[in-house]
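Trainee: Here you go, this is upload-v6.csv (CSV, C-alpha atoms).
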```csv
chain,number,residue,atom,x,y,z
A,255,MET,CA,-44.7,-8.2,-67.5
A,256,ASP,CA,-43.2,-11.6,-66.9
A,257,PHE,CA,-43.1,-12.5,-63.2
A,258,ASP,CA,-41.7,-16.0,-63.7
A,259,PHE,CA,-38.2,-16.8,-62.4
A,260,SER,CA,-35.4,-16.8,-64.8
A,261,GLN,CA,-33.5,-20.1,-65.6
A,262,GLU,CA,-30.6,-18.9,-63.4
A,263,GLN,CA,-33.0,-18.1,-60.5
A,264,LYS,CA,-34.6,-21.6,-60.8
A,265,MET,CA,-31.2,-23.2,-60.8
A,266,ILE,CA,-30.2,-21.3,-57.6
A,267,ARG,CA,-33.5,-22.4,-55.9
A,268,GLU,CA,-32.9,-26.0,-56.8
A,269,MET,CA,-29.3,-25.9,-55.6
A,270,VAL,CA,-30.3,-24.3,-52.3
A,271,ARG,CA,-33.1,-26.8,-51.8
A,272,LYS,CA,-30.7,-29.7,-52.2
A,273,PHE,CA,-28.3,-28.1,-49.8
A,274,VAL,CA,-31.0,-27.6,-47.2
A,275,GLU,CA,-32.3,-31.2,-47.6
A,276,ARG,CA,-28.9,-32.9,-47.5
A,277,GLU,CA,-27.0,-30.8,-45.1
A,278,VAL,CA,-29.2,-28.5,-43.1
A,279,LYS,CA,-32.3,-30.5,-42.3
A,280,PRO,CA,-30.6,-33.5,-40.7
A,281,LYS,CA,-28.4,-31.4,-38.4
A,282,ILE,CA,-29.8,-28.0,-37.6
A,283,GLU,CA,-32.0,-29.1,-34.7
A,284,GLU,CA,-28.9,-30.2,-32.8
A,285,TYR,CA,-27.4,-26.7,-33.1
A,286,GLU,CA,-30.7,-25.1,-32.1
A,287,ARG,CA,-31.0,-27.3,-28.9
A,288,ALA,CA,-27.4,-26.7,-27.9
A,289,GLU,CA,-27.6,-22.9,-28.8
A,290,MET,CA,-24.5,-23.5,-30.8
A,291,PHE,CA,-23.3,-21.7,-33.9
A,292,PRO,CA,-23.5,-24.0,-36.9
A,293,MET,CA,-20.1,-23.3,-38.3
A,294,PRO,CA,-19.8,-26.5,-40.4
A,295,LEU,CA,-23.0,-25.6,-42.2
A,296,VAL,CA,-21.9,-22.0,-42.7
A,297,LYS,CA,-18.7,-23.3,-44.3
A,298,LYS,CA,-20.6,-25.6,-46.6
A,299,ALA,CA,-22.9,-22.7,-47.6
A,300,ALA,CA,-19.8,-20.6,-48.4
A,301,LYS,CA,-18.5,-23.2,-50.8
A,302,LEU,CA,-21.7,-22.8,-52.7
A,303,GLY,CA,-21.2,-19.1,-52.9
A,304,LEU,CA,-24.1,-18.3,-50.6
A,305,LEU,CA,-22.3,-16.1,-48.1
A,306,GLY,CA,-21.7,-13.5,-50.8
A,307,ILE,CA,-24.5,-14.3,-53.2
A,308,ILE,CA,-25.2,-10.7,-54.3
A,309,ILE,CA,-21.6,-9.6,-54.4
A,310,PRO,CA,-20.0,-9.3,-57.8
A,311,GLU,CA,-17.7,-12.1,-58.9
A,312,LYS,CA,-14.7,-9.8,-59.0
A,313,TYR,CA,-14.9,-9.4,-55.3
A,314,GLY,CA,-15.4,-13.1,-54.5
A,315,GLY,CA,-19.2,-13.3,-54.6
A,316,ALA,CA,-21.6,-15.2,-56.8
A,317,GLY,CA,-22.9,-12.1,-58.7
A,318,ALA,CA,-26.5,-13.1,-58.4
A,319,ASP,CA,-29.4,-10.6,-58.3
A,320,THR,CA,-31.7,-9.6,-55.4
A,321,ILE,CA,-34.5,-12.0,-56.3
A,322,SER,CA,-32.0,-14.9,-56.2
A,323,TYR,CA,-30.9,-13.7,-52.8
A,324,CYS,CA,-34.5,-13.7,-51.6
A,325,ILE,CA,-35.1,-17.2,-53.1
A,326,MET,CA,-32.0,-18.4,-51.2
A,327,GLU,CA,-33.2,-16.9,-47.9
A,328,GLU,CA,-36.7,-18.3,-48.3
A,329,GLU,CA,-35.4,-21.8,-49.0
A,330,ILE,CA,-33.1,-21.8,-46.0
A,331,ALA,CA,-35.6,-20.2,-43.6
A,332,LYS,CA,-38.1,-23.0,-44.4
A,333,ILE,CA,-36.0,-25.2,-42.2
A,334,SER,CA,-33.8,-22.7,-40.2
A,335,ALA,CA,-34.5,-19.1,-39.7
A,336,GLY,CA,-31.3,-19.0,-37.6
A,337,LEU,CA,-29.1,-20.1,-40.5
A,338,GLY,CA,-30.9,-17.7,-42.8
A,339,LEU,CA,-30.2,-14.8,-40.4
A,340,ILE,CA,-26.5,-15.7,-40.1
A,341,MET,CA,-26.2,-15.6,-43.9
A,342,SER,CA,-28.2,-12.4,-44.1
A,343,ALA,CA,-26.0,-10.6,-41.6
A,344,ASN,CA,-23.0,-11.5,-43.7
A,345,ASN,CA,-24.5,-10.7,-47.1
A,346,SER,CA,-26.5,-7.6,-46.4
A,347,LEU,CA,-25.0,-6.1,-43.3
A,348,SER,CA,-21.3,-6.8,-43.7
A,349,CYS,CA,-20.6,-7.3,-47.4
A,350,THR,CA,-23.0,-4.7,-48.8
A,351,PRO,CA,-21.8,-1.6,-46.9
A,352,ILE,CA,-18.2,-2.3,-47.9
A,353,LEU,CA,-19.2,-2.9,-51.5
A,354,ASN,CA,-21.2,0.4,-51.6
A,355,HIS,CA,-18.9,2.6,-49.6
A,356,GLY,CA,-15.5,1.0,-49.4
A,357,THR,CA,-12.3,2.0,-51.1
A,358,GLY,CA,-10.5,-0.4,-53.5
A,359,GLU,CA,-8.1,-1.4,-50.8
A,360,GLN,CA,-10.9,-2.1,-48.3
A,361,LYS,CA,-12.8,-4.2,-50.8
A,362,GLN,CA,-9.8,-6.4,-51.4
A,363,LYS,CA,-8.8,-6.7,-47.8
A,364,TYR,CA,-12.3,-7.2,-46.3
A,365,LEU,CA,-15.0,-7.7,-48.8
A,366,VAL,CA,-13.3,-10.5,-50.8
A,367,PRO,CA,-12.8,-12.8,-47.7
A,368,LEU,CA,-16.4,-12.0,-46.5
A,369,ALA,CA,-18.0,-12.8,-49.8
A,370,LYS,CA,-16.0,-16.0,-50.2
A,371,GLY,CA,-17.0,-17.1,-46.6
A,372,ASP,CA,-13.3,-17.3,-45.6
A,373,LYS,CA,-14.3,-14.8,-42.9
A,374,LEU,CA,-17.6,-14.0,-41.2
A,375,GLY,CA,-19.1,-10.5,-40.7
A,376,CYS,CA,-21.4,-8.7,-38.3
A,377,TRP,CA,-23.1,-5.3,-38.1
A,378,LEU,CA,-22.8,-2.9,-35.1
A,379,LEU,CA,-25.6,-0.4,-34.8
A,380,ILE,CA,-28.1,-0.9,-31.9
A,381,GLU,CA,-27.2,0.4,-28.5
A,382,PRO,CA,-29.1,0.4,-25.2
A,383,GLY,CA,-30.5,3.8,-26.1
A,384,ALA,CA,-30.3,3.7,-29.9
A,385,GLY,CA,-31.6,1.5,-32.7
A,386,SER,CA,-34.8,2.7,-34.2
A,387,ASP,CA,-33.4,6.1,-33.6
A,388,VAL,CA,-30.0,5.7,-35.3
A,389,ALA,CA,-29.2,9.3,-34.6
A,390,GLY,CA,-29.2,8.5,-30.9
A,391,ILE,CA,-25.9,6.5,-31.1
A,392,LYS,CA,-23.6,7.3,-28.2
A,393,ALA,CA,-20.7,4.9,-28.7
A,394,THR,CA,-17.8,7.2,-29.7
A,395,ALA,CA,-14.8,7.2,-32.0
A,396,ARG,CA,-12.0,9.7,-31.7
A,397,LEU,CA,-8.9,10.1,-33.9
A,398,GLU,CA,-5.6,9.7,-32.1
A,399,GLY,CA,-2.7,10.0,-34.5
A,400,ASN,CA,-3.1,7.3,-37.1
A,401,GLN,CA,-5.7,5.3,-35.2
A,402,TRP,CA,-9.4,5.6,-34.3
A,403,VAL,CA,-10.2,4.8,-30.7
A,404,LEU,CA,-13.6,3.3,-30.1
A,405,ASN,CA,-15.6,3.3,-26.8
A,406,GLY,CA,-19.1,2.2,-25.9
A,407,ASP,CA,-21.7,-0.6,-26.1
A,408,LYS,CA,-23.4,-2.3,-29.1
A,409,ILE,CA,-26.2,-4.8,-28.4
A,410,PHE,CA,-28.3,-7.4,-30.3
A,411,VAL,CA,-25.3,-8.1,-32.6
A,412,THR,CA,-26.0,-11.1,-34.9
A,413,ASN,CA,-22.8,-13.2,-35.4
A,414,GLY,CA,-21.0,-10.8,-33.0
A,415,SER,CA,-19.2,-13.5,-31.0
A,416,VAL,CA,-18.0,-15.4,-34.0
A,417,ALA,CA,-17.4,-12.7,-36.5
A,418,ASP,CA,-13.9,-11.8,-37.9
A,419,ILE,CA,-14.9,-8.5,-39.4
A,420,CYS,CA,-17.5,-6.0,-38.1
A,421,VAL,CA,-19.0,-2.9,-39.8
A,422,GLY,CA,-20.2,-0.4,-37.2
A,423,VAL,CA,-21.4,3.2,-36.8
A,424,PHE,CA,-20.0,5.4,-34.0
A,425,ARG,CA,-20.3,9.0,-33.0
A,426,THR,CA,-17.5,11.3,-34.0
A,427,GLY,CA,-19.1,14.6,-32.9
A,428,PRO,CA,-22.2,16.1,-31.2
A,429,ASP,CA,-24.4,16.6,-34.2
A,430,ARG,CA,-27.0,13.9,-34.2
A,431,HIS,CA,-27.0,13.1,-37.9
A,432,LYS,CA,-24.0,14.7,-39.4
A,433,GLU,CA,-21.3,13.4,-37.0
A,434,LEU,CA,-21.8,9.7,-37.2
A,435,THR,CA,-19.1,7.7,-39.0
A,436,ALA,CA,-18.9,4.1,-40.1
A,437,PHE,CA,-15.9,1.9,-39.6
A,438,ILE,CA,-14.5,-1.6,-40.4
A,439,ILE,CA,-13.4,-3.3,-37.2
A,440,GLU,CA,-11.5,-6.6,-36.9
A,441,SER,CA,-12.6,-8.6,-33.9
A,442,SER,CA,-9.0,-9.3,-33.0
A,443,SER,CA,-8.5,-5.6,-32.3
A,444,PRO,CA,-7.4,-4.7,-28.7
A,445,GLY,CA,-10.3,-3.5,-26.6
A,446,PHE,CA,-12.9,-5.5,-28.6
A,447,LYS,CA,-14.9,-7.5,-26.0
A,448,VAL,CA,-17.9,-9.8,-26.1
A,449,THR,CA,-19.7,-9.1,-22.8
A,450,ARG,CA,-23.0,-11.0,-23.1
A,451,VAL,CA,-24.6,-13.8,-25.2
A,452,GLU,CA,-28.4,-13.3,-25.2
A,453,GLU,CA,-30.8,-16.0,-24.1
A,454,LYS,CA,-33.6,-16.2,-26.6
A,455,MET,CA,-36.9,-18.0,-27.1
A,456,GLY,CA,-35.9,-19.3,-30.6
A,457,ILE,CA,-33.5,-18.9,-33.5
A,458,ASN,CA,-30.9,-20.1,-31.1
A,459,CYS,CA,-28.2,-21.2,-33.6
A,460,SER,CA,-27.9,-17.6,-34.5
A,461,LEU,CA,-25.9,-16.1,-31.7
A,462,THR,CA,-27.0,-12.6,-30.5
A,463,VAL,CA,-24.5,-10.8,-28.3
A,464,GLN,CA,-23.5,-7.6,-26.6
A,465,LEU,CA,-20.1,-6.0,-27.4
A,466,PHE,CA,-18.1,-3.5,-25.5
A,467,PHE,CA,-15.4,-1.3,-26.9
A,468,ASP,CA,-12.8,-0.3,-24.3
A,469,ASN,CA,-10.4,2.1,-26.0
A,470,CYS,CA,-10.5,-0.3,-29.0
A,471,ARG,CA,-7.9,0.9,-31.6
A,472,ILE,CA,-8.3,0.4,-35.3
A,473,PRO,CA,-6.2,1.9,-38.2
A,474,LYS,CA,-7.1,5.3,-39.5
A,475,GLU,CA,-7.8,3.8,-43.0
A,476,ASN,CA,-10.6,1.7,-41.6
A,477,MET,CA,-13.1,4.5,-41.7
A,478,LEU,CA,-15.8,3.6,-44.2
A,479,GLY,CA,-17.5,6.0,-46.5
A,480,GLY,CA,-15.9,9.2,-45.1
A,481,GLU,CA,-16.2,11.0,-41.8
A,482,GLY,CA,-19.7,12.1,-41.0
A,483,GLN,CA,-21.3,9.7,-43.5
A,484,GLY,CA,-22.3,7.1,-41.0
A,485,PHE,CA,-26.0,7.9,-40.9
A,486,LYS,CA,-26.2,7.6,-44.7
A,487,VAL,CA,-24.2,4.3,-44.7
A,488,ALA,CA,-26.6,2.9,-42.0
A,489,MET,CA,-29.8,3.9,-43.9
A,490,ARG,CA,-28.6,2.5,-47.2
A,491,THR,CA,-27.4,-0.7,-45.5
A,492,LEU,CA,-30.7,-1.2,-43.6
A,493,ASN,CA,-32.8,-0.5,-46.7
A,494,GLY,CA,-31.2,-3.4,-48.5
A,495,GLY,CA,-31.2,-5.7,-45.5
A,496,ARG,CA,-35.0,-5.3,-45.0
A,497,VAL,CA,-35.7,-7.0,-48.3
A,498,ASN,CA,-34.1,-10.3,-47.5
A,499,ILE,CA,-35.2,-10.2,-43.9
A,500,ALA,CA,-38.8,-10.1,-45.3
A,501,ALA,CA,-37.9,-13.1,-47.5
```
Using structure tokens, write down the structure that the file contains.
Mentor:
Amino acid sequence: MDFDFSQEQKMIREMVRKFVEREVKPKIEEYERAEMFPMPLVKKAAKLGLLGIIIPEKYGGAGADTISYCIMEEEIAKISAGLGLIMSANNSLSCTPILNHGTGEQKQKYLVPLAKGDKLGCWLLIEPGAGSDVAGIKATARLEGNQWVLNGDKIFVTNGSVADICVGVFRTGPDRHKELTAFIIESSSPGFKVTRVEEKMGINCSLTVQLFFDNCRIPKENMLGGEGQGFKVAMRTLNGGRVNIAA
């Protein structure tokens, strides 16, 4: 078996190395010290196709494979784990669940701008009493007419204070596993609130926040993957995300 990188993978590695050397390395320490989100660097990464590197080209991504994605993360994290985490949250935790579970309309409306880097995404799962135990989620979603109404807390949200589009899992009934449902949420929705930005020991350019949903209303069609499928959406999304976090 040949374990060498393909020519395409080598080209991606070289491209990312040059990007890191020219753009990231001279500036990232300023963002770290100021605990400031490096939006100019994120936008430059988007122009190289790195915000949706594993998303098919027809949805605005670069269409690269998982190994290329890991190569990208390794090269960026050599200099900035924070920037690598920002890009991971967009690729794996925002783009991928919509790619795997979204409708055609959802992919055009949300996946395409995320993959292109025109918009930024985040993932809403962990709560004060739930995280490793995903089935312990307590934040709720109830259907009222043609809208879902969301209530509750989500914590440790990467990109949460700067994201345009969030993918999150909420409880739609009492059954621990079978009544969790995933949703696509625009951060401009009424009732969407950033309540805390965490103080951390490092990785400070990647902002980690707490969000509160206070009767936050989103369209009925923003349910992702079907009612009661939230646990499956979460597990599949996390399985993919762990690979590049390791990288």
Trainee: When you draw a straight line from atom CA of A:Gly495 to atom CA of A:Gly336, how long is it in Å?
Mentor: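 Between atom CA of A:Gly495 and atom CA of A:Gly336 the gap is 15.5 Å.
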Trainee: By how many Å are atom CA of A:Phe467 and atom CA of A:Thr357 apart?
Mentor: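 These two atoms are separated by 24.6 Å.
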Trainee: Compare A:Met265, A:His355, A:Ile308, A:Ala335 by their minimum atom-to-atom distance to A:Gly456, counting only C-alpha atoms, and give me the closest one.
Mentor: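 Smallest distance to A:Gly456 is found for A:Ala335.
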Trainee: Using atom CA of A:Ser443 and atom CA of A:Leu404 as the two end points, give the distance in Å to one decimal.
Mentor: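 Atom-to-atom, atom CA of A:Ser443 and atom CA of A:Leu404 are spaced 10.5 Å apart.
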Trainee: Would you kindly return, as a list in words, each protein, DNA or RNA residue with an atom no farther than 10 Å from any atom of stretch 257-262 of chain A, considering all atoms listed in the file and excluding same-chain residues fewer than 5 positions away?
Mentor: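 Near stretch 257-262 of chain A, the qualifying residues are Arg267, Glu268, Ala318, Asp319, Ile321, Ser322 and Ile325 of chain A.
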Trainee: Select, from A:Ser460, A:Thr412, A:Asn469, A:Asn345, the residue with the minimum atom-to-atom distance to A:Phe446, counting all atoms listed in the file.
Mentor: A:Asn469
Trainee: Kindly indicate which residue among A:Ile307, A:Leu478, A:Leu337, A:Met290 lies nearest to A:Glu453, using only C-alpha atoms for the distances.
Mentor: A:Met290
